Amino acid sequence: MRVLVVEDDREAAEYVKKALREAGHVAEIAGDGETGLALALDGDFDVLVIDRMLPKRDGLSLVAELREKGRATPVLILSALGQVDDRVTGLRAGGDDYLSKPYSFSELLARIEALARRGAPQAADTVYRVADLELDRLAHSVIRAGRDIPLQPREFRLLEYLMRHAGQVVTRTMLLENVWDYHFDPQTNVIDVHVSRLRSKIDKGFDKALLHTIRGAGYMIRDGAR
Amino acid sequence: MTALGRLVRTTAFKIVAVYMILFALFAGGVIAYLAQHTQQLVRDQIVETIDAEVRGLYEQYNIGGIRRLVAVVEARANLPGSSVYLVTTATGATLAGNVVDVPTGTLQNTGWREITYRRSEEGAEARDSRALARVFILPGGFRLLVGRDIEERELIRQVLAAPARWAVLVLVVIGVAGGVFIARRVLHRIDGMTATSDRIMAGDLSGRLPVAGSGDEFDRLASSLNAMLERIEALMVGLKHVSDNIAHDLKTPLTRLKNRAEEALRSAKSDADYRAAIEKTIEESDGLIRTFDALLMIARAEAGQAREHMTDFDAADIAESVAELYEPLAEQQGLALKLEAKGPMPAHGSRELIGQALANLIDNAIKYGKPQAPGQPAEIIISAGSEGGTIRFVVADHGPGIPEPDRVRVLERFVRLEASRTQPGAGLGMSLAAAVARLHGGELKLEDNAPGLRVTLSIPAGVQPAV
């Protein structure tokens with residue numbers, strides 16, 4: 001995956017670039033808004049990571065300009081302004097996701113990967129499958145190894161989100177944002193408890209665990225054997 | 001600027017000056033109209049008198065001819081008064097009368113005219129006089145002039161003009177004096193306001209504009225400016241409070257963080273030691289970030305910055321979704337989370353902030369709301385209710401509660417009661433909830449749940465929050 005990082009803090013940018021390379025991706029760096037815009041228009045990137053406050057041209061106007069030129073490349077906006085209203089402004093300007101500084105790299109990576117997969121055919125599928133687990137979005141049913149698993153509505157949405165991002169790390173805040181539509185940090189392990197409840201329903205009694213905890217990052221649904 | 005110059009420049013003075021000029025013009029107009037009218041009246045009266053006399057003399061002429069007319073005119077001309085008579089032949093020779101020096105040509109035509117004449121009996125010391133006269137040509141070519149002195153009219157004009165001049169003068173003097181007086185009074189109060197403003201600008205935010213108590217425009221202005229200052233002061237105090245607390249409460253964990261890193265560098269023996277130290281460091285910095293975020297959010301909520309992103313939402317739905325979010329955690333902690341909310345319950349505000357405030361309250365209830373006394377139900381009741389335009393969210397537990405004297409204190413930032421020191425958290429949950437309530441024009445109330453704590457977050461429904 002090719003990622004463009006538009007960030008004026010050289011050290012932070014290099015750090016992100018290095019970490020992305022370790023995760024198997026290619027990253028390019030732009031130090032200001034104008035360079036970032038030129039590179040984003042020229043290059044073929046899967047995801048753009050754009051800091052909100054940049055020299056020469058600020059992040060929001062960069063995104064707006066890109067969208068005006070018809071580029072639909074997913075954009076993750078980084079900002080030291082993390083408040084609700086700032087997030088709203090960021091997403092309204094054409095950003096696809098918003099991450100406030102300081103962030104952890106695992107959070108950044110999980111979001112970049114989620115964005116890159118965005119629009120992949122799987123998102124439109126009505127049935128998600130991971131190993132012998134099957135989720136039917138229309139029938140609202142979950143079946144594992146031929147056995148029907150009853151889920152609460154919220155548990156269903158939780159599993160749906162995890163399965164849409166099967167094979168990708170999904171962080172706690174991503175779950176809170178996408179399943180509950182809240183953007184605050186719950187301060188306690190509320191999400192963990194929900195996930196472990198879900199796990200007890202879909203993994204308990206089966207030989208193979210599908211819902212994995214990724215230490216220091218979040219969760220992932222994947223077929224362990226693959 | 002001189003005192004006089006300043007006075008002249010005041011709005012009050014300008015208004016008084018304009019008013020005065022208008023009033024003087026009006027008064028002048030009235031006097032002029034009166035004078036004009038009076039003169040007209042006097043003239044009408046003169047005309048009437050002369051007409052009557054002419055008629056009378058004409059009758060005498062008809063009865064007794066020119067001889068009788070001359071006799072009557074002689075008799076009348078000798079009477080004291082302001083009447084003027086003259087009878088001449090067609091050629092202009094005087095037959096009778098009390099005037100001389102009538103301008104030539106005066107008697108050629110009939111009709112009314114104003115003439116200058118001299119009275120004959122006054123002789124050498126006679127002076128020019130003005131009269132309004134009517135010339136009448138009698139049958140036989142005799143001319144009859146009957147007139148009346150109008151010096152009297154001139155006198156009336158003078159009688160009227162002198163007081164009018166005085167009146168205008170007095171008017172101007174009173175006007176100027178009044179203007180100066182009013183302007184000075186207004187200036188005095190404005191000067192007071194300016195002086196106070198200067199003091200406030202210099203940094204003394206506790207200063208307030210003087211309110212005279214008369215309820216006039218100045219009082220209203222001063223009152224609203226005072227209210228503004230009150231708000232600014234509250235915000236400034238809040239800001240100072242935040243920075244004081246940031247300095248104190250962020251430096252403590254930062255110091256701990258630094259110490260831990262130094263300690264690891266000094267005495268770590270294995271990679272595992274380093275890893276453990278680094279993990280602990282990341283954990284602590286996460287805590288720091290959280291505290292910092294919460295602080296910023298409180299400060300911004302208090303400054304009212306989130307107001308523009310308020311929307312309509314269903315209060316029952318929020319209570320339900322937050323309760324649902326925390327339900328598994330409560331269950332894990334051995335507490336039953338019960339929800340009492342019947343939607344739809346339309347409200348207006350920031351769904352995100354209300355959600356966060358509720359989350360904080362429930363989080364607190366789960367942390368501190370476990371029953372201590374035997375026989376108390378291990379449950380937390382969350383309810384949302386709408387009553388008389390107010391939405392009330394209640395989170396009630398049966399835990400140890402908070403003693404009355406501490407209830408106000410826990411709403412302050414970073415306050416954690418002794419009993420809770422061992423629990424994680426920065427002590428910002430309650431103050432954030434209180435800030436969110438204030439932002440929405442509502443309040444956060446802590447009550448005794450007998451036993452336990454009952455927290456009520458109330459906000460006005462649907463209405464725009466008070467500024």
# chains A, B, ... in the order shown; residues from 1 in each chain; ligands from 1
$ interface_residues --of "chain A" --to "chain B" --cutoff "12 Å" --atoms "only C-alpha atoms" --output "number ranges by chain"
A: 80-89, 100-105, 152-155, 158, 175-177, 179-198, 215-216
$ write_last_selection --atoms "C-alpha atoms" --output "PDB file, in the first residue's frame"
ATOM      1  CA  ALA A  80      -3.866  18.365  17.612  1.00  0.00           C
ATOM      2  CA  LEU A  81      -7.411  19.664  17.817  1.00  0.00           C
ATOM      3  CA  GLY A  82      -9.322  16.628  18.936  1.00  0.00           C
ATOM      4  CA  GLN A  83     -12.653  18.048  19.972  1.00  0.00           C
ATOM      5  CA  VAL A  84     -15.976  16.978  18.616  1.00  0.00           C
ATOM      6  CA  ASP A  85     -16.570  20.128  16.611  1.00  0.00           C
ATOM      7  CA  ASP A  86     -13.083  20.036  15.091  1.00  0.00           C
ATOM      8  CA  ARG A  87     -13.732  16.490  14.009  1.00  0.00           C
ATOM      9  CA  VAL A  88     -17.000  17.526  12.412  1.00  0.00           C
ATOM     10  CA  THR A  89     -15.260  20.347  10.506  1.00  0.00           C
ATOM     11  CA  SER A 100      -6.254  13.513  17.093  1.00  0.00           C
ATOM     12  CA  LYS A 101      -2.703  13.916  18.279  1.00  0.00           C
ATOM     13  CA  PRO A 102      -1.065  12.414  20.167  1.00  0.00           C
ATOM     14  CA  TYR A 103      -2.008   9.089  18.689  1.00  0.00           C
ATOM     15  CA  SER A 104      -0.482   5.652  19.000  1.00  0.00           C
ATOM     16  CA  PHE A 105       1.027   4.181  15.896  1.00  0.00           C
ATOM     17  CA  GLN A 152     -28.312  -8.595  20.497  1.00  0.00           C
ATOM     18  CA  PRO A 153     -28.655  -5.780  17.909  1.00  0.00           C
ATOM     19  CA  ARG A 154     -25.510  -4.023  19.139  1.00  0.00           C
ATOM     20  CA  GLU A 155     -23.538  -7.270  19.232  1.00  0.00           C
ATOM     21  CA  LEU A 158     -20.074  -5.058  16.494  1.00  0.00           C
ATOM     22  CA  LEU A 175     -15.378   0.344  17.462  1.00  0.00           C
ATOM     23  CA  LEU A 176     -16.809   3.059  19.707  1.00  0.00           C
ATOM     24  CA  GLU A 177     -16.987   5.452  16.772  1.00  0.00           C
ATOM     25  CA  VAL A 179     -20.690   0.876  16.366  1.00  0.00           C
ATOM     26  CA  TRP A 180     -21.877   3.381  18.991  1.00  0.00           C
ATOM     27  CA  ASP A 181     -21.251   6.650  17.153  1.00  0.00           C
ATOM     28  CA  TYR A 182     -19.482   8.239  20.126  1.00  0.00           C
ATOM     29  CA  HIS A 183     -16.084   9.837  19.775  1.00  0.00           C
ATOM     30  CA  PHE A 184     -15.056  10.207  23.362  1.00  0.00           C
ATOM     31  CA  ASP A 185     -12.618   8.002  25.184  1.00  0.00           C
ATOM     32  CA  PRO A 186     -14.639   5.866  27.627  1.00  0.00           C
ATOM     33  CA  GLN A 187     -11.667   5.778  30.060  1.00  0.00           C
ATOM     34  CA  THR A 188     -12.480   2.234  31.174  1.00  0.00           C
ATOM     35  CA  ASN A 189     -12.504  -1.095  29.413  1.00  0.00           C
ATOM     36  CA  VAL A 190     -16.154  -0.891  28.320  1.00  0.00           C
ATOM     37  CA  ILE A 191     -15.351  -2.001  24.774  1.00  0.00           C
ATOM     38  CA  ASP A 192     -13.282  -4.940  26.013  1.00  0.00           C
ATOM     39  CA  VAL A 193     -16.244  -6.238  27.963  1.00  0.00           C
ATOM     40  CA  HIS A 194     -18.491  -5.994  24.927  1.00  0.00           C
ATOM     41  CA  VAL A 195     -15.945  -7.818  22.797  1.00  0.00           C
ATOM     42  CA  SER A 196     -15.428 -10.562  25.321  1.00  0.00           C
ATOM     43  CA  ARG A 197     -19.181 -11.021  25.528  1.00  0.00           C
ATOM     44  CA  LEU A 198     -19.334 -11.325  21.756  1.00  0.00           C
ATOM     45  CA  ARG A 215      -2.005  -6.705  22.187  1.00  0.00           C
ATOM     46  CA  GLY A 216      -1.536  -2.984  22.484  1.00  0.00           C
TER      47      GLY A 216
END
$ residues_around --residues "Ile150 of chain B" --least-positions-apart "3" --cutoff "10 Å" --atoms "only C-alpha atoms" --output "list in words"
Val42, Arg43, Ile46, Ser82, Ser83, Glu114, Ile115, Ser129, Arg130, Ala131, Leu132, Ala133, Gly147, Arg153, Glu154, Leu155 and Ile156 of chain B
$ write_last_selection --atoms "N, CA and C atoms" --output "short mmCIF file (atom, residue, chain, number, x, y, z; two decimals), in the first residue's frame"
data_model
loop_
_atom_site.label_atom_id
_atom_site.label_comp_id
_atom_site.auth_asym_id
_atom_site.auth_seq_id
_atom_site.Cartn_x
_atom_site.Cartn_y
_atom_site.Cartn_z
N VAL B 42 -55.44 95.91 13.42
CA VAL B 42 -55.44 97.36 13.64
C VAL B 42 -55.83 98.07 12.35
N ARG B 43 -55.24 97.61 11.25
CA ARG B 43 -55.51 98.22 9.96
C ARG B 43 -56.99 98.07 9.59
N ILE B 46 -58.95 100.48 11.49
CA ILE B 46 -58.78 101.84 10.96
C ILE B 46 -59.64 102.02 9.72
N SER B 82 -56.38 111.12 16.58
CA SER B 82 -55.42 110.76 15.56
C SER B 82 -56.05 110.83 14.16
N SER B 83 -57.26 111.36 14.09
CA SER B 83 -57.90 111.43 12.78
C SER B 83 -57.33 112.56 11.95
N GLU B 114 -51.28 105.02 1.87
CA GLU B 114 -50.59 105.48 3.08
C GLU B 114 -49.87 106.74 2.71
N ILE B 115 -50.03 107.74 3.52
CA ILE B 115 -49.40 109.02 3.16
C ILE B 115 -48.54 109.54 4.29
N SER B 129 -45.54 112.61 9.67
CA SER B 129 -46.27 111.53 10.30
C SER B 129 -46.83 110.64 9.21
N ARG B 130 -47.15 109.38 9.59
CA ARG B 130 -47.71 108.49 8.59
C ARG B 130 -49.19 108.29 8.92
N ALA B 131 -49.95 108.21 7.86
CA ALA B 131 -51.37 107.97 8.08
C ALA B 131 -51.90 107.08 6.98
N LEU B 132 -52.95 106.37 7.31
CA LEU B 132 -53.64 105.59 6.31
C LEU B 132 -54.87 106.42 5.95
N ALA B 133 -55.05 106.68 4.67
CA ALA B 133 -56.12 107.60 4.32
C ALA B 133 -56.92 107.12 3.13
N GLY B 147 -58.41 110.26 7.08
CA GLY B 147 -57.37 109.26 7.40
C GLY B 147 -57.19 109.09 8.89
N ARG B 153 -49.92 102.24 15.22
CA ARG B 153 -49.62 100.87 14.80
C ARG B 153 -48.13 100.58 14.97
N GLU B 154 -47.35 101.59 14.58
CA GLU B 154 -45.90 101.44 14.72
C GLU B 154 -45.54 101.22 16.18
N LEU B 155 -46.28 101.91 17.03
CA LEU B 155 -46.05 101.80 18.46
C LEU B 155 -46.31 100.36 18.92
N ILE B 156 -47.43 99.81 18.41
CA ILE B 156 -47.78 98.44 18.78
C ILE B 156 -46.67 97.50 18.35
#
$ residues_around --residues "Pro210 of chain B" --least-positions-apart "6" --cutoff "12 Å" --atoms "only C-alpha atoms" --output "list of chain:residue names"
B:His188, B:Arg189, B:Ile190, B:Asp191, B:Gly192, B:Met193, B:Thr194, B:Ala195, B:Thr196, B:Ser197, B:Phe218, B:Asp219, B:Arg220, B:Leu221, B:Ala222, B:Ser223, B:Ser224, B:Leu225, B:Asn226
$ write_last_selection --atoms "C-alpha atoms" --output "compact mmCIF listing (two decimals), in the first residue's frame"
# COMPACT_ATOMS: atom_id res chain seq x y z
CA HIS B 188 -20.16 63.03 34.40
CA ARG B 189 -21.73 59.58 34.21
CA ILE B 190 -19.95 58.68 31.01
CA ASP B 191 -16.68 59.83 32.54
CA GLY B 192 -17.39 57.49 35.43
CA MET B 193 -17.97 54.63 33.01
CA THR B 194 -14.86 55.47 31.02
CA ALA B 195 -12.74 55.62 34.16
CA THR B 196 -14.05 52.23 35.30
CA SER B 197 -13.50 50.73 31.86
CA PHE B 218 -27.36 54.64 31.62
CA ASP B 219 -28.32 52.21 34.35
CA ARG B 220 -29.47 49.69 31.80
CA LEU B 221 -26.26 50.12 29.83
CA ALA B 222 -24.16 49.84 32.96
CA SER B 223 -26.10 46.77 34.08
CA SER B 224 -25.65 44.90 30.83
CA LEU B 225 -21.98 45.87 30.66
CA ASN B 226 -21.63 44.64 34.23
$ closest_residue --among "A:Leu135, A:Met174, A:Leu210, A:Ala40" --to "Val3 of chain A" --atoms "only C-alpha atoms"
A:Ala40
$ residues_around --residues "Ala217 of chain A" --least-positions-apart "6" --cutoff "9 Å" --atoms "only C-alpha atoms" --output "ChimeraX atom specification"
/A:104-107,110,169-172
$ residues_around --residues "Ala461 of chain B" --least-positions-apart "5" --cutoff "7 Å" --atoms "only C-alpha atoms" --output "PDB file with C-alpha atoms, in the first residue's frame"
ATOM      1  CA  PRO B 346     -36.727  15.498  21.824  1.00  0.00           C
ATOM      2  CA  ALA B 347     -33.891  17.658  23.099  1.00  0.00           C
ATOM      3  CA  HIS B 348     -31.439  20.108  21.646  1.00  0.00           C
ATOM      4  CA  GLY B 389     -39.466  21.732  29.154  1.00  0.00           C
ATOM      5  CA  THR B 390     -36.605  20.211  31.136  1.00  0.00           C
ATOM      6  CA  ILE B 391     -34.842  16.961  30.347  1.00  0.00           C
TER       7      ILE B 391
END
$ residues_around --residues "segment 53-62 of chain A" --least-positions-apart "2" --cutoff "10 Å" --atoms "only C-alpha atoms" --output "ChimeraX atom specification"
/A:6-9,31-38,40,49-51,64-68,77-81,89-95
$ select_by_dssp --residues "segment 27-93 of chain A" --states "strand (DSSP E)" --output "PyMOL selection string"
chain A and resi 27-30+47-51+75-79
$ residues_around --residues "His212 of chain A" --least-positions-apart "2" --cutoff "9 Å" --atoms "only C-alpha atoms" --output "PyMOL selection string"
chain A and resi 199+209-210+214+218-222+224
$ write_last_selection --atoms "C-alpha atoms" --output "mmCIF file, in the first residue's frame"
data_model
loop_
_atom_site.group_PDB
_atom_site.id
_atom_site.type_symbol
_atom_site.label_atom_id
_atom_site.label_comp_id
_atom_site.auth_asym_id
_atom_site.auth_seq_id
_atom_site.Cartn_x
_atom_site.Cartn_y
_atom_site.Cartn_z
ATOM 1 C CA ARG A 199 -16.406 -13.702 21.824
ATOM 2 C CA ALA A 209 -10.954 -18.996 17.889
ATOM 3 C CA LEU A 210 -11.708 -16.360 15.258
ATOM 4 C CA ILE A 214 -4.093 -7.840 19.284
ATOM 5 C CA GLY A 218 -7.210 -3.805 19.418
ATOM 6 C CA TYR A 219 -9.038 -6.729 17.907
ATOM 7 C CA MET A 220 -9.091 -8.729 14.722
ATOM 8 C CA ILE A 221 -11.336 -11.353 13.241
ATOM 9 C CA ARG A 222 -9.424 -13.776 11.118
ATOM 10 C CA GLY A 224 -6.415 -18.517 12.292
#
$ closest_residue --among "A:Ala139, A:Asp132, A:Gly24, A:Tyr161" --to "Ile202 of chain A" --atoms "only C-alpha atoms"
A:Asp132
$ atom_distance --atom1 "atom CA of Val87 of chain B" --atom2 "atom CA of Glu48 of chain B"
20.0 Å
